[in-house]
$ cat entry20.cif   # mmCIF, C-alpha atoms
data_run
loop_
_atom_site.group_PDB
_atom_site.id
_atom_site.type_symbol
_atom_site.label_atom_id
_atom_site.label_comp_id
_atom_site.auth_asym_id
_atom_site.auth_seq_id
_atom_site.Cartn_x
_atom_site.Cartn_y
_atom_site.Cartn_z
ATOM 1 C CA MET A 74 181.195 127.090 76.563
ATOM 2 C CA ASN A 75 182.483 127.016 80.141
ATOM 3 C CA ASP A 76 181.639 124.401 82.822
ATOM 4 C CA ALA A 77 178.710 126.368 84.255
ATOM 5 C CA GLU A 78 177.147 126.848 80.808
ATOM 6 C CA GLN A 79 177.699 123.198 80.036
ATOM 7 C CA HIS A 80 175.890 122.152 83.236
ATOM 8 C CA GLN A 81 173.092 124.612 82.566
ATOM 9 C CA THR A 82 172.595 123.253 79.045
ATOM 10 C CA ALA A 83 172.752 119.688 80.338
ATOM 11 C CA ASN A 84 170.159 120.468 83.021
ATOM 12 C CA ARG A 85 167.716 121.942 80.496
ATOM 13 C CA LEU A 86 168.206 118.947 78.238
ATOM 14 C CA ARG A 87 167.611 116.662 81.195
ATOM 15 C CA GLN A 88 164.315 118.404 81.935
ATOM 16 C CA ALA A 89 163.290 118.020 78.316
ATOM 17 C CA LEU A 90 164.232 114.335 78.292
ATOM 18 C CA ASN A 91 162.308 113.734 81.534
ATOM 19 C CA GLU A 92 159.303 115.475 80.068
ATOM 20 C CA ALA A 93 159.497 113.347 76.927
ATOM 21 C CA ALA A 94 159.850 110.160 78.977
ATOM 22 C CA GLU A 95 156.585 111.029 80.742
ATOM 23 C CA CYS A 96 154.723 111.113 77.432
ATOM 24 C CA LEU A 97 155.534 107.634 76.169
ATOM 25 C CA PRO A 98 152.866 106.050 73.963
ATOM 26 C CA ASN A 99 150.465 103.750 75.724
ATOM 27 C CA GLU A 100 151.617 100.593 73.935
ATOM 28 C CA VAL A 101 155.192 101.231 75.127
ATOM 29 C CA LEU A 102 153.977 101.706 78.706
ATOM 30 C CA VAL A 103 152.015 98.451 78.469
ATOM 31 C CA GLY A 104 155.096 96.693 77.067
ATOM 32 C CA LEU A 105 157.302 98.044 79.850
ATOM 33 C CA ARG A 106 154.786 96.999 82.500
ATOM 34 C CA LYS A 107 154.679 93.496 81.004
ATOM 35 C CA ASN A 108 158.505 93.373 81.005
ATOM 36 C CA ARG A 109 158.569 94.374 84.672
ATOM 37 C CA MET A 110 155.981 91.745 85.609
ATOM 38 C CA VAL A 111 157.931 89.016 83.803
ATOM 39 C CA ALA A 112 161.121 90.052 85.621
ATOM 40 C CA LEU A 113 159.382 90.110 89.010
ATOM 41 C CA GLU A 114 157.756 86.730 88.409
ATOM 42 C CA THR A 115 161.170 85.307 87.482
ATOM 43 C CA PHE A 116 162.577 86.798 90.677
ATOM 44 C CA ARG A 117 159.763 85.311 92.802
ATOM 45 C CA MET A 118 160.178 81.850 91.267
ATOM 46 C CA ARG A 119 163.927 82.026 91.731
ATOM 47 C CA GLN A 120 163.591 82.997 95.396
ATOM 48 C CA GLU A 121 161.112 80.178 96.007
ATOM 49 C CA ARG A 122 163.402 77.693 94.320
ATOM 50 C CA GLN A 123 166.273 78.927 96.460
ATOM 51 C CA SER A 124 164.260 78.641 99.690
ATOM 52 C CA SER A 125 163.157 75.073 98.850
ATOM 53 C CA GLY A 126 166.756 74.368 97.866
ATOM 54 C CA PHE A 127 167.834 75.612 101.292
ATOM 55 C CA ALA A 128 165.432 73.207 103.049
ATOM 56 C CA HIS A 129 166.657 70.391 100.826
ATOM 57 C CA THR A 130 170.248 71.274 101.723
ATOM 58 C CA LEU A 131 169.346 71.045 105.420
ATOM 59 C CA VAL A 132 167.895 67.546 104.883
ATOM 60 C CA LEU A 133 170.985 66.545 102.942
ATOM 61 C CA ALA A 134 173.205 68.002 105.646
ATOM 62 C CA ALA A 135 171.324 65.931 108.246
ATOM 63 C CA GLN A 136 171.887 62.755 106.200
ATOM 64 C CA PRO A 137 175.635 62.385 106.931
ATOM 65 C CA LEU A 138 174.931 63.058 110.615
ATOM 66 C CA ARG A 139 172.533 60.121 110.658
ATOM 67 C CA VAL A 140 175.112 57.910 108.966
ATOM 68 C CA VAL A 141 177.739 58.958 111.517
ATOM 69 C CA ALA A 142 175.323 58.210 114.389
ATOM 70 C CA ILE A 143 174.617 54.719 113.013
ATOM 71 C CA ALA A 144 178.328 54.039 112.513
ATOM 72 C CA MET A 145 179.038 55.171 116.077
ATOM 73 C CA ALA A 146 176.274 52.921 117.478
ATOM 74 C CA LEU A 147 177.676 49.968 115.520
ATOM 75 C CA SER A 148 181.214 50.648 116.759
ATOM 76 C CA LEU A 149 179.961 50.908 120.345
ATOM 77 C CA GLY A 150 178.137 47.594 119.893
ATOM 78 C CA LEU A 151 181.283 45.916 118.555
ATOM 79 C CA VAL A 152 183.442 47.276 121.368
ATOM 80 C CA GLY A 153 180.788 46.175 123.935
ATOM 81 C CA THR A 154 180.634 42.658 122.471
ATOM 82 C CA TYR A 155 184.430 42.441 122.533
ATOM 83 C CA TYR A 156 184.593 43.402 126.211
ATOM 84 C CA TRP A 157 181.664 41.101 127.045
ATOM 85 C CA ASP A 158 183.549 38.200 125.419
ATOM 86 C CA LYS A 159 186.640 39.134 127.417
ATOM 87 C CA PHE A 160 184.626 38.908 130.657
ATOM 88 C CA ASP A 161 183.226 35.504 129.626
ATOM 89 C CA GLN A 162 186.708 34.246 128.798
ATOM 90 C CA ALA A 163 188.018 35.534 132.134
ATOM 91 C CA ASN A 164 185.209 33.668 133.937
ATOM 92 C CA GLU A 165 186.098 30.459 132.082
ATOM 93 C CA TYR A 166 189.789 30.838 132.989
ATOM 94 C CA GLU A 167 188.794 31.486 136.569
ATOM 95 C CA GLU A 168 186.747 28.285 136.666
ATOM 96 C CA ILE A 169 189.620 26.284 135.133
ATOM 97 C CA ASP A 170 192.112 27.819 137.551
ATOM 98 C CA SER A 171 189.946 27.078 140.569
ATOM 99 C CA ALA A 172 189.351 23.495 139.337
ATOM 100 C CA LEU A 173 193.092 22.989 138.902
ATOM 101 C CA LEU A 174 193.907 24.399 142.285
ATOM 102 C CA SER A 175 191.239 22.443 144.081
ATOM 103 C CA ASP A 176 192.200 19.173 142.274
ATOM 104 C CA GLU A 177 194.078 16.394 144.134
ATOM 105 C CA LEU A 178 196.713 16.338 141.407
ATOM 106 C CA PRO A 179 199.328 19.089 141.326
ATOM 107 C CA PRO A 180 199.055 21.419 138.246
ATOM 108 C CA GLU A 181 202.635 20.527 137.084
ATOM 109 C CA ILE A 182 201.463 17.034 136.206
ATOM 110 C CA TYR A 183 199.452 18.381 133.226
ATOM 111 C CA SER A 184 202.706 19.467 131.552
ATOM 112 C CA ASP A 185 204.180 15.977 131.985
ATOM 113 C CA THR A 186 203.915 14.061 128.658
ATOM 114 C CA GLY A 187 204.168 10.689 130.454
ATOM 115 C CA PHE A 188 201.040 11.490 132.415
ATOM 116 C CA HIS A 189 199.154 12.255 129.142
ATOM 117 C CA SER A 190 200.189 8.939 127.553
ATOM 118 C CA TRP A 191 199.190 7.060 130.779
ATOM 119 C CA LEU A 192 195.773 8.795 130.616
ATOM 120 C CA GLU A 193 195.336 7.737 126.944
ATOM 121 C CA ARG A 194 196.338 4.196 127.691
ATOM 122 C CA SER A 195 194.065 3.884 130.731
ATOM 123 C CA ARG A 196 191.126 5.382 128.707
ATOM 124 C CA SER A 197 191.589 2.839 125.859
ATOM 125 C CA SER A 198 191.978 -0.111 128.258
ATOM 126 C CA SER A 199 188.907 0.792 130.315
ATOM 127 C CA PRO A 200 185.654 -0.839 129.036
ATOM 128 C CA MET B 238 156.759 82.972 107.555
ATOM 129 C CA PRO B 239 159.783 85.270 107.904
ATOM 130 C CA PHE B 240 161.383 83.951 104.713
ATOM 131 C CA GLU B 241 158.261 84.729 102.664
ATOM 132 C CA GLY B 242 158.274 88.209 104.180
ATOM 133 C CA ASN B 243 161.859 88.632 103.034
ATOM 134 C CA ILE B 244 160.960 87.604 99.495
ATOM 135 C CA LEU B 245 158.051 90.046 99.443
ATOM 136 C CA SER B 246 160.078 92.980 100.735
ATOM 137 C CA SER B 247 162.888 92.427 98.219
ATOM 138 C CA GLN B 248 160.306 91.910 95.468
ATOM 139 C CA ASN B 249 158.692 95.248 96.347
ATOM 140 C CA GLU B 250 162.064 96.939 96.391
ATOM 141 C CA LEU B 251 162.917 95.468 93.007
ATOM 142 C CA SER B 252 159.513 96.397 91.611
ATOM 143 C CA THR B 253 159.967 100.024 92.721
ATOM 144 C CA PHE B 254 163.421 100.150 91.177
ATOM 145 C CA LEU B 255 162.303 98.680 87.847
ATOM 146 C CA ALA B 256 159.262 100.950 87.657
ATOM 147 C CA GLU B 257 161.484 103.938 88.321
ATOM 148 C CA VAL B 258 164.079 103.064 85.718
ATOM 149 C CA GLU B 259 162.030 101.438 82.918
ATOM 150 C CA ARG B 260 160.984 104.549 80.970
ATOM 151 C CA ARG B 261 164.463 105.988 80.834
ATOM 152 C CA ALA B 262 165.901 102.557 80.029
ATOM 153 C CA PHE B 263 163.499 102.296 77.116
ATOM 154 C CA LYS B 264 164.585 105.728 75.897
ATOM 155 C CA HIS B 265 168.271 104.760 76.135
ATOM 156 C CA ALA B 266 167.631 101.671 74.024
ATOM 157 C CA ASN B 267 165.338 103.530 71.633
ATOM 158 C CA PHE B 268 167.843 106.349 71.064
ATOM 159 C CA ALA B 269 170.432 103.741 70.162
ATOM 160 C CA THR B 270 168.362 101.313 68.080
ATOM 161 C CA ARG B 271 165.579 103.641 66.840
ATOM 162 C CA ASP B 272 163.299 100.616 66.955
ATOM 163 C CA ARG B 273 160.557 100.507 69.563
ATOM 164 C CA ASP B 274 160.168 96.711 69.632
ATOM 165 C CA VAL B 275 163.887 96.069 69.767
ATOM 166 C CA ALA B 276 164.188 98.647 72.558
ATOM 167 C CA LEU B 277 161.450 96.892 74.541
ATOM 168 C CA ASP B 278 163.197 93.538 74.063
ATOM 169 C CA ILE B 279 166.501 94.997 75.235
ATOM 170 C CA VAL B 280 164.847 96.445 78.361
ATOM 171 C CA GLN B 281 163.231 93.069 79.040
ATOM 172 C CA ASP B 282 166.575 91.280 78.750
ATOM 173 C CA ALA B 283 168.258 93.854 80.982
ATOM 174 C CA MET B 284 165.591 93.429 83.669
ATOM 175 C CA LEU B 285 165.823 89.643 83.530
ATOM 176 C CA ARG B 286 169.599 89.706 83.683
ATOM 177 C CA LEU B 287 169.561 92.039 86.670
ATOM 178 C CA VAL B 288 167.076 89.773 88.461
ATOM 179 C CA ASP B 289 168.979 86.650 87.536
ATOM 180 C CA LYS B 290 172.474 87.763 88.432
ATOM 181 C CA TYR B 291 172.379 90.752 90.737
ATOM 182 C CA ALA B 292 169.093 90.742 92.688
ATOM 183 C CA GLU B 293 170.965 89.745 95.860
ATOM 184 C CA ARG B 294 173.307 92.733 95.594
ATOM 185 C CA PRO B 295 172.510 95.865 97.668
ATOM 186 C CA ALA B 296 169.770 97.985 96.079
ATOM 187 C CA ALA B 297 172.135 100.964 95.937
ATOM 188 C CA GLU B 298 174.237 99.082 93.362
ATOM 189 C CA TRP B 299 171.298 98.266 91.092
ATOM 190 C CA PRO B 300 171.249 101.498 89.006
ATOM 191 C CA MET B 301 174.873 101.137 87.996
ATOM 192 C CA LEU B 302 174.598 97.410 87.359
ATOM 193 C CA PHE B 303 171.382 97.832 85.403
ATOM 194 C CA HIS B 304 172.856 100.478 83.147
ATOM 195 C CA ARG B 305 175.975 98.440 82.574
ATOM 196 C CA ILE B 306 173.811 95.485 81.534
ATOM 197 C CA LEU B 307 171.666 97.746 79.349
ATOM 198 C CA GLN B 308 174.642 99.267 77.539
ATOM 199 C CA ASN B 309 176.169 95.816 76.999
ATOM 200 C CA LEU B 310 172.897 94.548 75.545
ATOM 201 C CA ILE B 311 172.672 97.529 73.206
ATOM 202 C CA ARG B 312 176.223 96.832 72.018
ATOM 203 C CA ASP B 313 175.382 93.112 71.639
ATOM 204 C CA HIS B 314 172.392 94.063 69.511
ATOM 205 C CA PHE B 315 174.583 96.053 67.130
ATOM 206 C CA ARG B 316 177.163 93.292 66.972
ATOM 207 C CA LYS B 317 174.476 90.767 66.011
ATOM 208 C CA GLN B 318 172.992 93.205 63.511
ATOM 209 C CA LYS B 319 176.411 93.680 61.912
ATOM 210 C CA VAL B 320 176.864 89.923 61.477
ATOM 211 C CA ARG B 321 173.300 89.578 60.148
ATOM 212 C CA SER B 322 173.722 92.412 57.643
ATOM 213 C CA ALA B 323 177.027 90.933 56.451
ATOM 214 C CA TRP B 324 175.207 87.678 55.633
ATOM 215 C CA THR B 325 172.281 89.530 54.053
ATOM 216 C CA THR B 326 174.627 91.497 51.783
ATOM 217 C CA LEU B 327 176.405 88.308 50.807
ATOM 218 C CA LEU B 328 173.168 86.477 50.038
ATOM 219 C CA SER B 329 171.549 89.412 48.233
ATOM 220 C CA ALA B 330 174.552 89.490 45.870
ATOM 221 C CA PHE B 331 173.294 86.145 44.559
ATOM 222 C CA GLY B 332 169.653 87.282 44.535
ATOM 223 C CA GLY B 333 167.532 89.556 42.298
ATOM 224 C CA GLY B 334 168.458 92.973 40.922
ATOM 225 C CA ASP B 335 167.176 96.477 41.663
ATOM 226 C CA ASP B 336 163.685 95.924 40.252
ATOM 227 C CA ASP B 337 162.115 96.463 43.665
ATOM 228 C CA ASP B 338 159.649 99.341 43.306
ATOM 229 C CA THR B 339 158.782 99.809 46.992
ATOM 230 C CA ASP B 340 159.345 103.274 48.350
ATOM 231 C CA PRO B 341 161.648 103.352 51.422
ATOM 232 C CA LEU B 342 159.586 106.266 52.715
ATOM 233 C CA ASP B 343 156.671 103.840 53.192
ATOM 234 C CA PHE B 344 158.630 102.233 55.999
ATOM 235 C CA LEU B 345 159.412 105.407 57.863
ATOM 236 C CA PRO B 346 157.661 105.455 61.244
ATOM 237 C CA ALA B 347 154.866 107.961 61.666
ATOM 238 C CA ASP B 348 155.886 111.256 63.186
ATOM 239 C CA PRO B 349 155.229 110.906 66.939
ATOM 240 C CA THR B 350 154.407 114.602 67.206
ATOM 241 C CA LYS B 351 151.307 114.033 65.068
ATOM 242 C CA GLU B 352 149.689 112.183 67.972
ATOM 243 C CA GLY B 353 148.960 115.499 69.623
ATOM 244 C CA LEU B 354 147.088 117.151 66.738
ATOM 245 C CA GLY B 355 143.948 117.746 68.713
ATOM 246 C CA GLU B 356 145.774 119.353 71.600
ATOM 247 C CA PRO B 357 146.366 123.069 72.132
ATOM 248 C CA VAL B 358 148.995 124.736 69.975
ATOM 249 C CA ALA B 359 151.430 125.388 72.816
ATOM 250 C CA GLN B 360 151.397 121.770 73.847
ATOM 251 C CA LEU B 361 151.929 120.725 70.240
ATOM 252 C CA GLN B 362 154.844 123.104 69.904
ATOM 253 C CA ARG B 363 156.362 121.781 73.120
ATOM 254 C CA SER B 364 156.008 118.199 71.982
ATOM 255 C CA GLN B 365 157.652 119.149 68.680
ATOM 256 C CA VAL B 366 160.558 120.730 70.556
ATOM 257 C CA LEU B 367 160.900 117.593 72.687
ATOM 258 C CA ALA B 368 160.858 115.418 69.568
ATOM 259 C CA ILE B 369 163.593 117.541 67.973
ATOM 260 C CA ILE B 370 165.696 117.324 71.149
ATOM 261 C CA GLU B 371 165.261 113.557 71.184
ATOM 262 C CA GLN B 372 166.180 113.311 67.518
ATOM 263 C CA GLU B 373 169.353 115.281 68.135
ATOM 264 C CA VAL B 374 170.234 113.123 71.137
ATOM 265 C CA ALA B 375 169.694 110.032 69.001
ATOM 266 C CA LYS B 376 172.004 111.469 66.322
ATOM 267 C CA LEU B 377 174.955 111.768 68.728
ATOM 268 C CA PRO B 378 177.790 109.254 68.314
ATOM 269 C CA SER B 379 176.977 106.283 70.543
ATOM 270 C CA ARG B 380 179.744 106.818 73.129
ATOM 271 C CA GLN B 381 178.969 110.529 73.452
ATOM 272 C CA ARG B 382 175.258 109.808 73.860
ATOM 273 C CA GLU B 383 175.945 107.064 76.396
ATOM 274 C CA ALA B 384 178.196 109.338 78.464
ATOM 275 C CA PHE B 385 175.828 112.296 78.244
ATOM 276 C CA LEU B 386 172.742 110.297 79.251
ATOM 277 C CA LEU B 387 174.415 108.448 82.107
ATOM 278 C CA ARG B 388 176.129 111.515 83.473
ATOM 279 C CA TYR B 389 173.352 114.082 83.138
ATOM 280 C CA TRP B 390 170.120 112.127 82.807
ATOM 281 C CA GLU B 391 170.853 109.250 85.150
ATOM 282 C CA ASP B 392 172.658 111.669 87.449
ATOM 283 C CA MET B 393 175.714 109.468 87.836
ATOM 284 C CA ASP B 394 179.006 111.063 88.793
ATOM 285 C CA THR B 395 181.998 110.893 86.464
ATOM 286 C CA ALA B 396 183.512 107.856 88.223
ATOM 287 C CA GLU B 397 180.266 105.868 88.072
ATOM 288 C CA THR B 398 179.760 106.760 84.414
ATOM 289 C CA ALA B 399 183.315 105.675 83.645
ATOM 290 C CA LEU B 400 182.696 102.375 85.431
ATOM 291 C CA VAL B 401 179.497 101.682 83.486
ATOM 292 C CA MET B 402 181.114 102.616 80.181
ATOM 293 C CA GLY B 403 184.357 100.818 80.923
ATOM 294 C CA CYS B 404 186.537 103.858 80.149
ATOM 295 C CA SER B 405 188.510 106.535 82.001
ATOM 296 C CA GLU B 406 186.959 109.515 83.796
ATOM 297 C CA GLY B 407 188.820 111.789 81.384
ATOM 298 C CA SER B 408 187.066 110.123 78.443
ATOM 299 C CA VAL B 409 183.711 110.609 80.154
ATOM 300 C CA LYS B 410 184.387 114.328 80.614
ATOM 301 C CA THR B 411 185.456 114.670 76.982
ATOM 302 C CA HIS B 412 182.409 112.773 75.673
ATOM 303 C CA CYS B 413 180.043 114.800 77.859
ATOM 304 C CA SER B 414 181.555 118.117 76.847
ATOM 305 C CA ARG B 415 181.437 117.254 73.140
ATOM 306 C CA ALA B 416 177.882 115.945 73.380
ATOM 307 C CA THR B 417 176.660 119.105 75.122
ATOM 308 C CA HIS B 418 178.390 121.309 72.547
ATOM 309 C CA VAL B 419 176.981 119.350 69.612
ATOM 310 C CA LEU B 420 173.454 119.336 71.054
ATOM 311 C CA ARG B 421 173.498 123.018 71.828
ATOM 312 C CA ALA B 422 174.759 123.910 68.362
ATOM 313 C CA ALA B 423 172.309 121.587 66.595
ATOM 314 C CA LEU B 424 169.339 122.883 68.582
ATOM 315 C CA GLN B 425 170.371 126.508 68.093
ATOM 316 C CA ALA B 426 170.549 125.855 64.356
ATOM 317 C CA LYS B 427 166.885 124.776 64.540
ATOM 318 C CA GLY B 428 165.922 127.845 66.505
ATOM 319 C CA ILE B 429 165.724 126.152 69.899
ATOM 320 C CA GLU B 430 167.474 128.086 72.651
ATOM 321 C CA LEU B 431 168.445 126.257 75.823
#
$ encode --input "entry20.cif" --output "structure tokens"
Amino acid sequence: MNDAEQHQTANRLRQALNEAAECLPNEVLVGLRKNRMVALETFRMRQERQSSGFAHTLVLAAQPLRVVAIAMALSLGLVGTYYWDKFDQANEYEEIDSALLSDELPPEIYSDTGFHSWLERSRSSSP
Amino acid sequence: MPFEGNILSSQNELSTFLAEVERRAFKHANFATRDRDVALDIVQDAMLRLVDKYAERPAAEWPMLFHRILQNLIRDHFRKQKVRSAWTTLLSAFGGGDDDDTDPLDFLPADPTKEGLGEPVAQLQRSQVLAIIEQEVAKLPSRQREAFLLRYWEDMDTAETALVMGCSEGSVKTHCSRATHVLRAALQAKGIEL
């Protein structure tokens, strides 16, 4: 049998098989329909689960962003407080400096240990 | 919602595909197992596996994937049956003797051609011819039948058939040629000319 004869035979057999597949008993057709419905229902449930899973993933993805935002706000607060303290300290130093400069005593006298002991003595002797 | 629309369109596409392929899939499984209920179960499993694993793949790939799954499930069925029968043989060796008086012919399925008794003679003859053709197809060695059905009934080319069967294109050609020869000879012997 050559190629052409082989294809011709195969084609006739295919027609016969198609014809036979059209005449399946009713209970088989019902069974196949049920199988198809089960498969489609499984597909629908799976797709729904995936879509709700997608939304859940979005919420979860937003979670770390929120954490990062809070951490950034806290860091900004800490840095702000630090600089605010620095300003306060600078103001205090400024006040001390201006008091020292405007005082009658020269600033060098505060580094003189004799002056400190005289101050202690005069404080304890005063009533 | 656009997402729901997507689900519906792919569900329709899948439904069309399954409806198109289910009868032939049943026949494939039935030729191999010669058991209607087992064939239906195999088709069910194949559909579920396609939906579960490959529904997201392009629809053009579904026929090949589905047939690959189907053929694997048919092979799995025979593997399980082999293991089961090995155990049954082992256990029956310890069981009763040959005093069973049931006739094996009682378990033979009814001739499907008898369903058309009330129909015109020509239609009955045609259905008998179809039944004989199907019987001969079922008698083919499994690999030859698989190659023949995929190549000529499912209209796959040689490369696709080879991919589904997991063999070379040369093997597919050989199986197909042998199957066609055997079928032609067997049908001619029964007076059926193709």
$ interface_residues --input "entry20.cif" --of "chain B" --to "chain A" --cutoff "6 Å" --atoms "only C-alpha atoms" --output "ChimeraX atom specification"
/B:281,284-285,288,390
$ closest_atom_pairs --input "entry20.cif" --of "range 362-388 of chain B" --to "range 411-423 of chain B" --cutoff "9 Å" --atoms "all atoms listed in the file" --output "tab-separated table"
residue	atom	partner	partner_atom	distance
B:Ile370	CA	B:Leu420	CA	8.0
B:Glu373	CA	B:Leu420	CA	6.5
B:Val374	CA	B:Leu420	CA	7.0
B:Leu377	CA	B:Ala416	CA	6.9
B:Pro378	CA	B:Ala416	CA	8.4
B:Arg380	CA	B:His412	CA	7.0
B:Gln381	CA	B:His412	CA	4.7
B:Arg382	CA	B:Ala416	CA	6.7
B:Glu383	CA	B:His412	CA	8.7
B:Ala384	CA	B:Cys413	CA	5.8
B:Phe385	CA	B:Cys413	CA	4.9
B:Leu386	CA	B:Cys413	CA	8.7
B:Arg388	CA	B:Cys413	CA	7.6
$ atom_distance --input "entry20.cif" --atom1 "CA of Lys317 in chain B" --atom2 "CA of Ala375 in chain B"
20.1 Å
$ resolve_selection --input "entry20.cif" --expression "the PyMOL selection byres ((chain B and resi 301) around 12)" --output "ChimeraX atom specification"
/B:254,258,287,291,294-300,302-308,387-388,391-394,396-403
$ residues_around --input "entry20.cif" --residues "range 265-267 of chain B" --least-positions-apart "3" --cutoff "7 Å" --atoms "all atoms listed in the file" --output "compact mmCIF listing (two decimals) with C-alpha atoms, in the coordinates of the input"
# COMPACT_ATOMS: atom_id res chain seq x y z
CA ARG B 261 164.46 105.99 80.83
CA ALA B 262 165.90 102.56 80.03
CA THR B 270 168.36 101.31 68.08
CA ARG B 271 165.58 103.64 66.84
CA ASP B 272 163.30 100.62 66.96
CA ARG B 273 160.56 100.51 69.56
CA ALA B 276 164.19 98.65 72.56
CA ILE B 279 166.50 95.00 75.24
CA ILE B 311 172.67 97.53 73.21
$ atom_distance --input "entry20.cif" --atom1 "CA of Lys427 in chain B" --atom2 "CA of Gln362 in chain B"
13.3 Å
$ atom_distance --input "entry20.cif" --atom1 "CA of Lys376 in chain B" --atom2 "CA of Ala269 in chain B"
8.8 Å
$ closest_residue --input "entry20.cif" --among "B:Gly407, B:Ile429, B:Tyr389, B:Arg312" --to "Gln365 in chain B" --atoms "only C-alpha atoms"
B:Ile429
$ axis_aligned_box --input "entry20.cif" --around "range 148-161 of chain A" --padding-each-side "3 Å" --output "lines of an AutoDock Vina configuration file"
center_x = 182.4
center_y = 43.2
center_z = 123.7
size_x = 14.5
size_y = 21.4
size_z = 19.9
